[in-house]
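Asker: Okay, here's the structure, questions in a sec.
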Amino acid sequence: MKLKNILAIFSMLTIFSSHGIAADFVLIVNKANTTSSIPKQDVKKIFLGKKTTWDDGSKIELLVQSNSPVHKPFVKSMVGKNPMQFEMFWKKAVFTGTGTPPVELTDAKAVKEAVSTRVGAISFIPGDKLDKTVKTINIQ
């Protein structure tokens, strides 16, 4: 009986801790972007190259930082893939000519700088790296 209780507690802690990790990222865009919130399904479509324009018709420019501590939680919770599946998805899109992969940047500072200078850009960063150079979008 004790083992079942321990396993139940461990399972709950695992669920809550993974939920906490997912909340550590923020979705960011250029400050000129008029979008204030976006459905989760659209986030998935954007990061899989299936939605390529904003509602105003301007081009979406996708930026990522694969070595970020929030890359795995973001890709898993928002795109429904693990990092390897995400990478393979984009390799296949390039090989078949069906998509252009995200621009890969080195760190959160580089991501923020790129987003702040590119009107159509979208990316994600750790929440503690957020500053006033970019704008966050709420995920619905």
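Residues in the structure tokens are numbered from 1 in each chain, the chains being A, B, ... in the order shown, and ligands are numbered from 1 in the order shown.
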Please provide the set of residues having any atom within 10 Å of Ala32 (chain A), restricted to only C-alpha atoms, with same-chain residues fewer than 2 positions apart removed, written as a ChimeraX atom specification.
Answerer: /A:29-30,34-35,116-120,134-135
Asker: Could you save the residues just selected, with N, CA and C atoms, as a compact mmCIF listing (two decimals), in the first residue's frame?
Answerer:
# COMPACT_ATOMS: atom_id res chain seq x y z
N VAL A 29 7.20 38.47 -30.25
CA VAL A 29 7.13 39.03 -31.60
C VAL A 29 7.71 40.44 -31.55
N ASN A 30 7.85 41.04 -32.72
CA ASN A 30 8.30 42.41 -32.84
C ASN A 30 7.25 43.34 -32.21
N THR A 34 0.74 43.70 -34.36
CA THR A 34 -0.52 44.06 -33.71
C THR A 34 -1.20 42.89 -33.02
N THR A 35 -0.67 41.69 -33.19
CA THR A 35 -1.26 40.51 -32.56
C THR A 35 -0.99 40.54 -31.06
N SER A 116 13.41 41.93 -32.54
CA SER A 116 13.20 43.38 -32.41
C SER A 116 13.47 44.13 -33.71
N THR A 117 14.20 43.53 -34.64
CA THR A 117 14.52 44.22 -35.90
C THR A 117 13.77 43.66 -37.11
N ARG A 118 13.00 42.61 -36.91
CA ARG A 118 12.26 41.97 -38.01
C ARG A 118 10.77 41.99 -37.69
N VAL A 119 10.02 42.77 -38.41
CA VAL A 119 8.61 43.01 -38.09
C VAL A 119 7.78 41.73 -38.05
N GLY A 120 8.03 40.79 -38.93
CA GLY A 120 7.23 39.57 -39.00
C GLY A 120 7.73 38.42 -38.14
N VAL A 134 11.09 43.44 -27.04
CA VAL A 134 10.15 42.62 -27.79
C VAL A 134 8.79 42.62 -27.08
N LYS A 135 7.82 42.05 -27.75
CA LYS A 135 6.46 41.99 -27.22
C LYS A 135 6.06 40.52 -27.03
Asker: Please build the interface table for region 18-77 of chain A against region 95-114 of chain A with a cut-off of 8 Å, listing for each qualifying residue the nearest atom pair and the distance in Å to one decimal; count only C-alpha atoms, order rows by chain and increasing number, and write it as CSV.
Answerer:
residue,atom,partner,partner_atom,distance
A:Phe47,CA,A:Pro102,CA,7.9
A:Gly49,CA,A:Gly99,CA,6.5
A:Glu61,CA,A:Pro102,CA,7.6
A:Leu62,CA,A:Pro102,CA,4.8
A:Leu63,CA,A:Val103,CA,4.7
A:Val64,CA,A:Glu104,CA,5.2
A:Gln65,CA,A:Leu105,CA,5.1
A:Ser66,CA,A:Glu104,CA,7.2
A:Asn67,CA,A:Thr106,CA,7.5
A:Ser68,CA,A:Asp107,CA,6.9
Asker: Could you write those residues out with C-alpha atoms, as a PDB file, in the first residue's frame?
Answerer:
ATOM      1  CA  PHE A  47       6.159  26.458 -36.080  1.00  0.00           C
ATOM      2  CA  GLY A  49       5.376  26.153 -41.518  1.00  0.00           C
ATOM      3  CA  GLU A  61       9.565  34.826 -40.019  1.00  0.00           C
ATOM      4  CA  LEU A  62      10.251  31.890 -37.740  1.00  0.00           C
ATOM      5  CA  LEU A  63      13.242  32.027 -35.378  1.00  0.00           C
ATOM      6  CA  VAL A  64      14.410  29.370 -32.878  1.00  0.00           C
ATOM      7  CA  GLN A  65      17.206  28.636 -30.481  1.00  0.00           C
ATOM      8  CA  SER A  66      17.567  24.848 -30.276  1.00  0.00           C
ATOM      9  CA  ASN A  67      20.092  24.879 -27.434  1.00  0.00           C
ATOM     10  CA  SER A  68      17.765  26.889 -25.169  1.00  0.00           C
TER      11      SER A  68
END
Asker: Fewer than 2 positions away in the same chain doesn't count, so skip those; otherwise give me all residues within 8 Å of Pro39 (chain A), counting only C-alpha atoms, as a ChimeraX atom specification.
Answerer: /A:37,41-43,139-140
Asker: Rounded to one decimal place, report the CA of Ala93 (chain A)-CA of Leu48 (chain A) distance in Å.
Answerer: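 One can read the CA of Ala93 (chain A) to CA of Leu48 (chain A) distance as 9.4 Å.
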Asker: Please report the interatomic distance between CA of Phe25 (chain A) and CA of Asp128 (chain A) in Å with one decimal.
Answerer: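 CA of Phe25 (chain A) sits 8.3 Å away from CA of Asp128 (chain A).
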Asker: Can you check which residues of region 58-113 of chain A DSSP gives as strand (DSSP E) on the backbone and send them as a ChimeraX atom specification?
Answerer: /A:61-64,103-104
Asker: Which value, in Å to one decimal, gives the distance between CA of Lys81 (chain A) and CA of Asp55 (chain A)?
Answerer: 25.4 Å
Asker: Could you tell me which of A:Met84, A:Val79, A:Ile60, A:Val115 comes closest to Lys132 (chain A) if we count only C-alpha atoms?
Answerer: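 Looking at the shortest contact to Lys132 (chain A), the residue is A:Val115.
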Asker: Mind checking which residues fall within 10 Å of Lys76 (chain A), counting only C-alpha atoms, ignoring those fewer than 6 positions away in the same chain, and posting them as a PyMOL selection string?
Answerer: chain A and resi 22+70+82-83+85-86
Asker: Quick one: pick out all alpha helix (DSSP H) residues within chain A from a backbone DSSP run and write them as number ranges by chain.
Answerer: A: 2-22, 40-47, 71-74, 83-96, 108-117
